[in-house]
$ cat coords_16.cif   # mmCIF, C-alpha atoms
data_work
#
loop_
_atom_site.label_atom_id
_atom_site.label_comp_id
_atom_site.auth_asym_id
_atom_site.auth_seq_id
_atom_site.Cartn_x
_atom_site.Cartn_y
_atom_site.Cartn_z
CA MET A 68 77.38 100.56 86.31
CA GLU A 69 79.02 103.30 84.25
CA ASN A 70 77.25 106.60 83.52
CA GLY A 71 76.55 105.67 79.93
CA ASP A 72 74.95 102.34 80.97
CA LYS A 73 72.26 103.86 83.19
CA HIS A 74 68.68 103.61 81.98
CA ARG A 75 67.45 107.17 81.51
CA ALA A 76 64.11 108.67 80.53
CA PRO A 77 63.80 109.75 76.88
CA ARG A 78 63.88 113.46 77.77
CA ASN A 79 66.79 113.13 80.19
CA ARG A 80 69.51 115.57 79.08
CA THR A 81 72.20 114.55 81.58
CA LEU A 82 75.66 114.74 80.00
CA THR A 83 77.35 111.35 79.74
CA LEU A 84 80.42 109.91 78.02
CA ALA A 85 80.45 107.03 75.59
CA PRO A 86 83.49 104.74 76.07
CA LEU A 87 85.22 105.89 72.87
CA GLU A 88 84.47 109.53 73.67
CA GLN A 89 85.96 109.18 77.14
CA GLN A 90 89.05 107.53 75.69
CA GLN A 91 89.55 110.42 73.27
CA LEU A 92 88.98 113.08 75.92
CA ALA A 93 91.29 111.31 78.37
CA GLY A 94 94.07 111.78 75.85
CA MET A 95 93.49 115.54 75.97
CA LEU A 96 93.90 115.81 79.75
CA LEU A 97 97.06 117.29 81.18
CA ARG A 98 98.80 115.03 83.70
CA PRO A 99 101.78 115.42 86.04
CA PRO A 100 104.57 116.21 85.97
CA LEU A 101 103.71 119.80 85.05
CA THR A 102 106.35 122.07 83.55
CA GLY A 103 105.45 124.98 85.81
CA GLU A 104 105.26 127.30 82.79
CA LEU A 105 102.04 129.30 82.63
CA VAL A 106 101.76 129.02 78.86
CA SER A 107 101.25 125.26 79.19
CA LEU A 108 98.44 125.68 81.72
CA VAL A 109 96.14 128.14 79.94
CA ASP A 110 92.64 126.67 79.42
CA ARG A 111 93.66 123.20 80.54
CA VAL A 112 92.15 120.48 82.70
CA VAL A 113 94.65 118.52 84.77
CA CYS A 114 93.78 115.01 85.94
CA ALA A 115 95.57 114.58 89.26
CA ASP A 116 95.35 115.06 92.99
CA SER A 117 95.57 118.85 93.21
CA LEU A 118 97.16 119.19 96.66
CA PRO A 119 100.70 117.98 95.74
CA LEU A 120 100.67 120.17 92.62
CA PHE A 121 100.30 123.56 94.30
CA SER A 122 104.04 123.94 94.90
CA THR A 123 104.74 123.26 91.20
CA LEU A 124 102.45 125.96 89.78
CA PRO A 125 103.60 129.46 88.73
CA ARG A 126 103.54 132.21 91.33
CA HIS A 127 101.05 135.10 91.17
CA PHE A 128 99.06 133.90 88.14
CA VAL A 129 95.55 133.69 89.64
CA ASP A 130 93.08 136.58 89.37
CA LEU A 131 90.16 134.61 90.79
CA LEU A 132 90.30 131.45 92.90
CA VAL A 133 87.17 129.29 93.10
CA LEU A 134 87.40 126.64 95.82
CA ASP A 135 84.79 123.92 96.19
CA PRO A 136 86.65 121.37 98.34
CA PRO A 137 85.03 118.28 99.87
CA TYR A 138 82.73 119.30 102.68
CA ASN A 139 83.23 117.63 106.05
CA LEU A 140 80.96 114.71 105.18
CA ASN A 141 81.24 111.08 104.27
CA LYS A 142 80.93 111.39 100.51
CA ARG A 143 81.95 109.43 97.45
CA PHE A 144 83.03 111.27 94.29
CA GLY A 145 83.31 108.73 91.48
CA THR A 146 86.33 106.60 92.31
CA GLU A 147 87.36 108.83 95.24
CA SER A 148 85.83 109.36 98.67
CA PHE A 149 86.07 111.74 101.63
CA SER A 150 85.59 110.76 105.27
CA GLU A 151 84.09 113.04 107.91
CA MET A 152 86.45 114.19 110.66
CA SER A 153 86.17 116.44 113.71
CA LEU A 154 85.78 120.16 113.00
CA ALA A 155 89.26 120.81 114.41
CA GLU A 156 90.76 118.14 112.15
CA TYR A 157 88.90 119.51 109.15
CA GLU A 158 90.21 123.01 109.88
CA GLU A 159 93.75 121.66 110.13
CA TRP A 160 93.29 119.80 106.83
CA LEU A 161 92.02 122.97 105.12
CA GLU A 162 94.84 125.14 106.38
CA GLY A 163 97.47 122.56 105.47
CA TRP A 164 96.84 123.00 101.76
CA PHE A 165 95.27 126.48 101.66
CA VAL A 166 98.51 128.20 102.67
CA ARG A 167 100.20 126.59 99.65
CA LEU A 168 97.70 128.34 97.38
CA LEU A 169 98.52 131.84 98.63
CA PRO A 170 101.74 132.29 96.59
CA LEU A 171 99.73 131.55 93.42
CA LEU A 172 97.42 134.54 93.92
CA LYS A 173 97.99 137.98 92.50
CA PRO A 174 97.94 140.85 95.05
CA THR A 175 94.64 141.93 93.44
CA ALA A 176 93.07 138.43 93.50
CA SER A 177 89.70 137.50 94.93
CA LEU A 178 88.61 134.10 96.15
CA TYR A 179 85.40 132.25 96.89
CA VAL A 180 85.30 129.18 99.14
CA CYS A 181 82.26 126.90 99.26
CA GLY A 182 81.08 125.07 102.36
CA ASP A 183 78.05 123.80 104.25
CA TRP A 184 76.92 124.47 107.81
CA LYS A 185 79.21 121.80 109.20
CA SER A 186 82.35 123.12 107.52
CA SER A 187 81.62 126.85 107.29
CA ALA A 188 83.08 127.78 110.68
CA ALA A 189 86.37 126.09 109.85
CA VAL A 190 86.49 127.82 106.46
CA GLN A 191 86.00 131.24 108.05
CA ARG A 192 88.70 130.72 110.64
CA VAL A 193 91.27 129.58 108.06
CA LEU A 194 90.47 132.49 105.75
CA ASP A 195 90.59 135.01 108.59
CA ARG A 196 94.18 134.06 109.32
CA HIS A 197 95.46 134.61 105.77
CA VAL A 198 93.20 136.86 103.66
CA ILE A 199 90.57 139.58 104.04
CA VAL A 200 87.12 138.07 104.53
CA ARG A 201 84.52 140.37 102.99
CA ASN A 202 81.24 138.47 103.14
CA ARG A 203 79.45 135.17 103.45
CA ILE A 204 76.96 134.34 100.73
CA THR A 205 74.21 131.91 101.66
CA TRP A 206 72.42 130.26 98.78
CA GLU A 207 69.33 128.10 98.75
CA ARG A 208 69.53 124.62 97.31
CA GLU A 209 65.99 123.44 96.88
CA LYS A 210 67.01 119.79 96.76
CA GLY A 211 67.64 117.75 99.87
CA ARG A 212 66.02 115.13 102.05
CA GLY A 213 63.48 116.06 104.69
CA ALA A 214 64.26 115.36 108.33
CA LYS A 215 61.86 114.24 111.08
CA THR A 216 63.96 115.45 114.02
CA ASN A 217 65.80 118.41 112.51
CA TRP A 218 65.44 121.25 110.01
CA LYS A 219 65.89 120.23 106.39
CA ASN A 220 69.35 121.21 105.17
CA ALA A 221 68.58 123.47 102.21
CA SER A 222 71.40 126.02 102.09
CA GLU A 223 75.13 126.30 101.54
CA ASP A 224 77.69 129.04 102.11
CA ILE A 225 80.26 130.73 99.90
CA TRP A 226 82.90 132.83 101.65
CA PHE A 227 84.10 135.86 99.68
CA ALA A 228 87.61 137.12 100.42
CA THR A 229 90.39 139.13 98.82
CA VAL A 230 94.16 139.21 99.10
CA SER A 231 94.24 142.99 99.58
CA ASN A 232 92.06 146.08 99.43
CA ASP A 233 92.82 146.42 95.73
CA TYR A 234 90.37 144.06 94.03
CA VAL A 235 87.71 143.83 91.31
CA PHE A 236 84.00 143.93 92.05
CA ASN A 237 81.70 144.56 89.08
CA VAL A 238 78.40 145.25 90.84
CA GLU A 239 76.61 146.29 87.63
CA ALA A 240 77.38 142.90 86.06
CA VAL A 241 75.56 140.90 88.73
CA LYS A 242 72.34 142.77 89.35
CA LEU A 243 69.20 140.67 89.66
CA LYS A 244 66.02 141.32 87.70
CA ARG A 245 62.97 140.71 89.89
CA LYS A 246 59.25 140.89 89.32
CA VAL A 247 57.65 143.95 90.90
CA ILE A 248 54.99 142.92 93.39
CA ALA A 249 53.69 146.42 94.19
CA PRO A 250 54.51 148.70 91.22
CA TYR A 251 54.74 152.29 92.47
CA ARG A 252 54.29 155.19 90.07
CA VAL A 253 55.11 158.90 90.22
CA ASP A 254 53.06 161.12 87.92
CA GLY A 255 51.88 157.98 86.20
CA GLN A 256 55.41 156.75 85.43
CA PRO A 257 57.13 153.68 86.90
CA LYS A 258 59.46 154.50 89.80
CA ASP A 259 62.64 152.39 89.76
CA TRP A 260 61.08 149.66 87.62
CA GLU A 261 60.23 149.07 83.99
CA ASP A 262 57.06 147.99 82.22
CA SER A 263 57.65 145.47 79.45
CA PRO A 264 55.60 143.00 77.39
CA ASP A 265 56.94 140.26 79.65
CA GLY A 266 55.85 141.95 82.86
CA GLN A 267 56.96 144.52 85.41
CA PHE A 268 60.56 144.13 86.59
CA ARG A 269 63.12 145.93 88.75
CA LEU A 270 66.91 145.64 88.70
CA THR A 271 68.16 145.13 92.25
CA HIS A 272 71.62 145.16 93.79
CA PRO A 273 73.01 141.71 94.54
CA SER A 274 72.82 140.65 98.17
CA ASN A 275 74.51 137.85 100.09
CA LEU A 276 71.30 135.79 100.12
CA TRP A 277 70.72 133.94 96.85
CA THR A 278 67.34 132.32 96.24
CA ASP A 279 67.35 132.45 92.44
CA LEU A 280 69.43 129.32 91.72
CA THR A 281 68.30 125.98 90.34
CA ILE A 282 70.36 122.89 91.18
CA PRO A 283 71.13 121.04 87.92
CA PHE A 284 68.72 118.18 87.33
CA TRP A 285 67.93 115.63 84.61
CA SER A 286 66.18 117.97 82.13
CA MET A 287 68.94 120.63 82.17
CA PRO A 288 71.70 120.32 79.54
CA GLU A 289 74.37 121.27 82.10
CA ASN A 290 73.47 118.34 84.37
CA THR A 291 75.96 115.54 85.05
CA ASP A 292 76.08 112.63 87.48
CA HIS A 293 78.46 114.48 89.80
CA PRO A 294 76.92 114.38 93.30
CA THR A 295 77.71 117.98 94.29
CA GLN A 296 77.59 119.87 91.00
CA LYS A 297 77.18 123.65 91.29
CA PRO A 298 74.82 125.55 88.94
CA GLU A 299 76.43 127.45 86.07
CA LYS A 300 74.41 130.47 87.13
CA LEU A 301 76.12 130.44 90.53
CA ILE A 302 79.63 130.30 89.06
CA ALA A 303 78.71 132.94 86.47
CA LYS A 304 77.88 135.35 89.29
CA LEU A 305 81.29 134.79 90.89
CA LEU A 306 83.19 135.24 87.62
CA LEU A 307 81.30 138.32 86.47
CA ALA A 308 81.51 140.01 89.88
CA SER A 309 85.17 139.34 90.63
CA SER A 310 87.05 139.08 87.33
CA ARG A 311 87.40 140.78 83.97
CA GLU A 312 87.50 139.29 80.49
CA GLY A 313 90.89 137.67 79.97
CA ASP A 314 91.52 137.16 83.71
CA PHE A 315 92.82 133.81 84.94
CA VAL A 316 90.43 131.67 87.00
CA PHE A 317 91.78 128.71 88.97
CA ASP A 318 89.65 125.85 90.32
CA PRO A 319 91.69 123.07 91.96
CA PHE A 320 88.60 120.97 92.80
CA LEU A 321 87.02 121.15 89.35
CA GLY A 322 84.53 118.29 89.62
CA SER A 323 82.49 118.00 86.43
CA GLY A 324 83.83 121.28 85.09
CA THR A 325 81.31 124.00 85.86
CA THR A 326 83.98 126.66 86.47
CA ALA A 327 85.84 125.77 83.27
CA ALA A 328 82.67 125.78 81.14
CA VAL A 329 81.50 129.13 82.53
CA ALA A 330 84.97 130.63 82.14
CA ARG A 331 84.90 129.66 78.47
CA LYS A 332 81.45 131.20 78.04
CA MET A 333 82.49 134.40 79.81
CA GLY A 334 85.83 134.93 78.07
CA ARG A 335 88.07 134.10 81.03
CA ARG A 336 91.17 131.90 81.02
CA TYR A 337 91.06 128.95 83.36
CA LEU A 338 93.00 126.10 84.90
CA GLY A 339 91.11 123.24 86.54
CA ILE A 340 92.39 120.22 88.42
CA GLU A 341 90.26 117.12 89.00
CA MET A 342 91.35 113.80 90.46
CA ASP A 343 88.64 111.57 88.95
CA GLU A 344 89.29 110.91 85.26
CA ASN A 345 85.62 110.49 84.37
CA TYR A 346 84.72 113.91 85.79
CA ALA A 347 87.81 115.49 84.22
CA CYS A 348 86.68 114.17 80.83
CA LEU A 349 83.18 115.51 81.44
CA ALA A 350 84.76 118.89 82.17
CA LEU A 351 86.50 118.83 78.78
CA LYS A 352 83.26 117.88 77.07
CA ARG A 353 81.43 120.76 78.73
CA VAL A 354 84.14 123.21 77.64
CA GLU A 355 83.83 121.98 74.05
CA LEU A 356 80.04 122.38 74.18
CA ALA A 357 80.51 125.89 75.57
CA ASN A 358 82.30 126.89 72.37
CA ASP A 359 78.99 126.64 70.49
CA ASN A 360 76.46 127.35 73.23
CA HIS A 361 77.16 130.43 75.33
CA SER A 362 73.83 130.49 77.17
CA ILE A 363 73.51 130.16 80.93
CA GLN A 364 70.14 129.31 82.40
CA GLY A 365 68.81 132.30 84.31
CA TYR A 366 71.19 134.82 82.68
CA ALA A 367 69.94 136.81 79.68
CA GLY A 368 70.35 140.29 78.27
CA GLY A 369 73.31 140.97 80.54
CA VAL A 370 71.38 140.43 83.80
CA PHE A 371 70.48 137.59 86.13
CA TRP A 372 66.77 136.84 86.25
CA GLU A 373 64.74 135.82 89.25
CA ARG A 374 64.04 132.10 89.15
CA ASN A 375 60.88 131.00 87.28
CA SER A 376 60.29 134.43 85.77
CA LEU A 377 58.94 134.49 82.22
CA VAL A 378 62.05 135.78 80.46
CA ASP A 379 64.18 133.33 82.42
CA GLN A 380 62.71 130.53 80.32
CA LYS A 381 63.84 132.03 77.01
CA VAL A 382 67.09 130.90 75.42
CA VAL A 383 69.04 134.12 74.94
CA LYS A 384 72.79 134.38 74.49
CA PRO A 385 74.46 136.27 77.33
CA LYS A 386 75.66 139.80 76.84
CA VAL A 387 79.25 138.74 77.56
CA GLN A 388 80.60 136.53 74.78
CA PRO A 389 83.84 134.54 74.61
CA VAL A 390 86.55 136.59 72.97
CA SER A 391 89.81 135.85 71.22
CA LEU A 392 92.42 136.69 73.82
CA PRO A 393 96.14 137.36 73.77
CA LEU A 394 97.98 134.75 75.78
CA PHE A 395 98.62 136.85 78.88
CA ASN A 396 97.59 140.12 80.46
CA GLU A 397 100.19 142.79 80.91
#

$ encode --input "coords_16.cif" --output "structure tokens"
Amino acid sequence: MENGDKHRAPRNRTLTLAPLEQQQLAGMLLRPPLTGELVSLVDRVVCADSLPLFSTLPRHFVDLLVLDPPYNLNKRFGTESFSEMSLAEYEEWLEGWFVRLLPLLKPTASLYVCGDWKSSAAVQRVLDRHVIVRNRITWEREKGRGAKTNWKNASEDIWFATVSNDYVFNVEAVKLKRKVIAPYRVDGQPKDWEDSPDGQFRLTHPSNLWTDLTIPFWSMPENTDHPTQKPEKLIAKLLLASSREGDFVFDPFLGSGTTAAVARKMGRRYLGIEMDENYACLALKRVELANDNHSIQGYAGGVFWERNSLVDQKVVKPKVQPVSLPLFNE
């Protein structure tokens, strides 16, 4: 049964593709062979297996690399599937294609690599051999099946690394606004927090433990049928922290297009590669929708809001808006 044929509740906002719409979007996808010229790759979605393409891409064009490869699980992604292997085999598989990405990165580039508890050790070891590992972010995914003989798996990892010691990190752009539980005052005035009509809040520095994310579900307009879709709020944190407006973001495992859509909303250039044509078309649709709707759930007024806070529910355009960009940075 195709996505558009599923019976959905009246208020279900999951993005789908009508047959004619998919046909039109499929004609807009870039397909191999690629010319290797950067100008032809700006703000494009490529429908292909990404691994053979790495050697054909321009050198040193990536400011920020976002990697969300298949985890070491038996998983089906549309028409494609991934089979679990031993940890040693998975590490060898990762390294085999990761080293081909390194020539694409600028000396000032940053990268984020997603994984779960089964794959995280292999990811760290591969990164340690080739780049500078700076941190491991652990984020809570509230979805997941309970287990009778084990702990419920409710978290994933994102490894943060850089090519060199010269890199971008915009800490002010990714602060989190939290409700103040015990508001402390000095001479009657709030200390390190603000009193507003919506409540009492404090801006806090971002940590490597993220509990403010909501996994896309049926009532969210960013939701798709992709089985491992990342929240736009998560990708927005990565882009705002580790890139500037006009920088080039590369995602070679694009999935349903979260990185591309957020890059468009945040004024970054992007290149995404996705093997499954249906998901690649969904990515294009999400980019087109991002032209008219710049909002990201949980991001308003230039800050990230704690999940389920009052202001978090308001639809407010983000402080950073897409901009008209010259083709390349100097």

$ residues_near_point --input "coords_16.cif" --point "(84.6, 123.8, 84.4)" --cutoff "9 Å" --atoms "all atoms listed in the file" --output "PDB file with C-alpha atoms, in the frame of the given file"
ATOM      1  CA  VAL A 112      92.150 120.480  82.700  1.00  0.00           C
ATOM      2  CA  ASP A 318      89.650 125.850  90.320  1.00  0.00           C
ATOM      3  CA  LEU A 321      87.020 121.150  89.350  1.00  0.00           C
ATOM      4  CA  GLY A 322      84.530 118.290  89.620  1.00  0.00           C
ATOM      5  CA  SER A 323      82.490 118.000  86.430  1.00  0.00           C
ATOM      6  CA  GLY A 324      83.830 121.280  85.090  1.00  0.00           C
ATOM      7  CA  THR A 325      81.310 124.000  85.860  1.00  0.00           C
ATOM      8  CA  THR A 326      83.980 126.660  86.470  1.00  0.00           C
ATOM      9  CA  ALA A 327      85.840 125.770  83.270  1.00  0.00           C
ATOM     10  CA  ALA A 328      82.670 125.780  81.140  1.00  0.00           C
ATOM     11  CA  VAL A 329      81.500 129.130  82.530  1.00  0.00           C
ATOM     12  CA  ALA A 330      84.970 130.630  82.140  1.00  0.00           C
ATOM     13  CA  ARG A 331      84.900 129.660  78.470  1.00  0.00           C
ATOM     14  CA  TYR A 337      91.060 128.950  83.360  1.00  0.00           C
ATOM     15  CA  LEU A 338      93.000 126.100  84.900  1.00  0.00           C
ATOM     16  CA  GLY A 339      91.110 123.240  86.540  1.00  0.00           C
ATOM     17  CA  ALA A 347      87.810 115.490  84.220  1.00  0.00           C
ATOM     18  CA  LEU A 349      83.180 115.510  81.440  1.00  0.00           C
ATOM     19  CA  ALA A 350      84.760 118.890  82.170  1.00  0.00           C
ATOM     20  CA  LEU A 351      86.500 118.830  78.780  1.00  0.00           C
ATOM     21  CA  ARG A 353      81.430 120.760  78.730  1.00  0.00           C
ATOM     22  CA  VAL A 354      84.140 123.210  77.640  1.00  0.00           C
TER      23      VAL A 354
END

$ residues_around --input "coords_16.cif" --residues "Pro174 of chain A" --least-positions-apart "4" --cutoff "8 Å" --atoms "only C-alpha atoms" --output "PyMOL selection string"
chain A and resi 127+230-231+233

$ write_last_selection --input "coords_16.cif" --atoms "C-alpha atoms" --output "mmCIF file, in the frame of the given file"
data_model
loop_
_atom_site.group_PDB
_atom_site.id
_atom_site.type_symbol
_atom_site.label_atom_id
_atom_site.label_comp_id
_atom_site.auth_asym_id
_atom_site.auth_seq_id
_atom_site.Cartn_x
_atom_site.Cartn_y
_atom_site.Cartn_z
ATOM 1 C CA HIS A 127 101.050 135.100 91.170
ATOM 2 C CA VAL A 230 94.160 139.210 99.100
ATOM 3 C CA SER A 231 94.240 142.990 99.580
ATOM 4 C CA ASP A 233 92.820 146.420 95.730
#

$ residues_near_point --input "coords_16.cif" --point "(85.1, 112.1, 106.1)" --cutoff "10 Å" --atoms "only C-alpha atoms" --output "VMD selection string"
chain A and resid 137 to 143 148 to 153 157

$ atom_distance --input "coords_16.cif" --atom1 "atom CA of Gln364 of chain A" --atom2 "atom CA of Phe144 of chain A"
25.2 Å

$ resolve_selection --input "coords_16.cif" --expression "the PyMOL selection byres ((chain A and resi 89) around 10)" --output "ChimeraX atom specification"
/A:83-88,90-95,344-349,351-352

$ resolve_selection --input "coords_16.cif" --expression "the PyMOL selection byres ((chain A and resi 136) around 8)" --output "list of chain:residue names"
A:Leu134, A:Asp135, A:Pro137, A:Tyr138, A:Val180, A:Cys181, A:Gly182, A:Phe320

$ atom_distance --input "coords_16.cif" --atom1 "atom CA of Asn275 of chain A" --atom2 "atom CA of Leu171 of chain A"
26.8 Å

$ residues_around --input "coords_16.cif" --residues "segment 163-168 of chain A" --least-positions-apart "4" --cutoff "8 Å" --atoms "all atoms listed in the file" --output "number ranges by chain"
A: 118, 121-122, 159, 172, 197

$ resolve_selection --input "coords_16.cif" --expression "the PyMOL selection byres ((chain A and resi 225) around 7)" --output "ChimeraX atom specification"
/A:179-182,203-205,223-224,226-227

$ residues_around --input "coords_16.cif" --residues "Ser177 of chain A" --least-positions-apart "3" --cutoff "12 Å" --atoms "only C-alpha atoms" --output "MDAnalysis selection string"
chainID A and resid 129:134 169 171:174 180 194 198:202 226:236 305:311 314:317

$ atom_distance --input "coords_16.cif" --atom1 "atom CA of Val109 of chain A" --atom2 "atom CA of Gln296 of chain A"
23.1 Å

$ closest_residue --input "coords_16.cif" --among "A:Trp285, A:Lys215, A:Leu178, A:Asp116" --to "Ala76 of chain A" --atoms "all atoms listed in the file"
A:Trp285

$ closest_residue --input "coords_16.cif" --among "A:Leu124, A:Thr146, A:Phe268, A:Asn358" --to "Ser107 of chain A" --atoms "all atoms listed in the file"
A:Leu124

$ closest_residue --input "coords_16.cif" --among "A:Arg196, A:Lys246, A:Lys332, A:His293" --to "Asn360 of chain A" --atoms "all atoms listed in the file"
A:Lys332

$ closest_residue --input "coords_16.cif" --among "A:Ala303, A:Ala176, A:Ala155, A:Ile282" --to "Val190 of chain A" --atoms "only C-alpha atoms"
A:Ala155

$ closest_residue --input "coords_16.cif" --among "A:Thr291, A:Arg212, A:Lys242, A:Pro298" --to "Ser274 of chain A" --atoms "all atoms listed in the file"
A:Lys242

$ closest_residue --input "coords_16.cif" --among "A:Glu355, A:Glu341, A:Val370, A:Gln267" --to "Lys300 of chain A" --atoms "all atoms listed in the file"
A:Val370
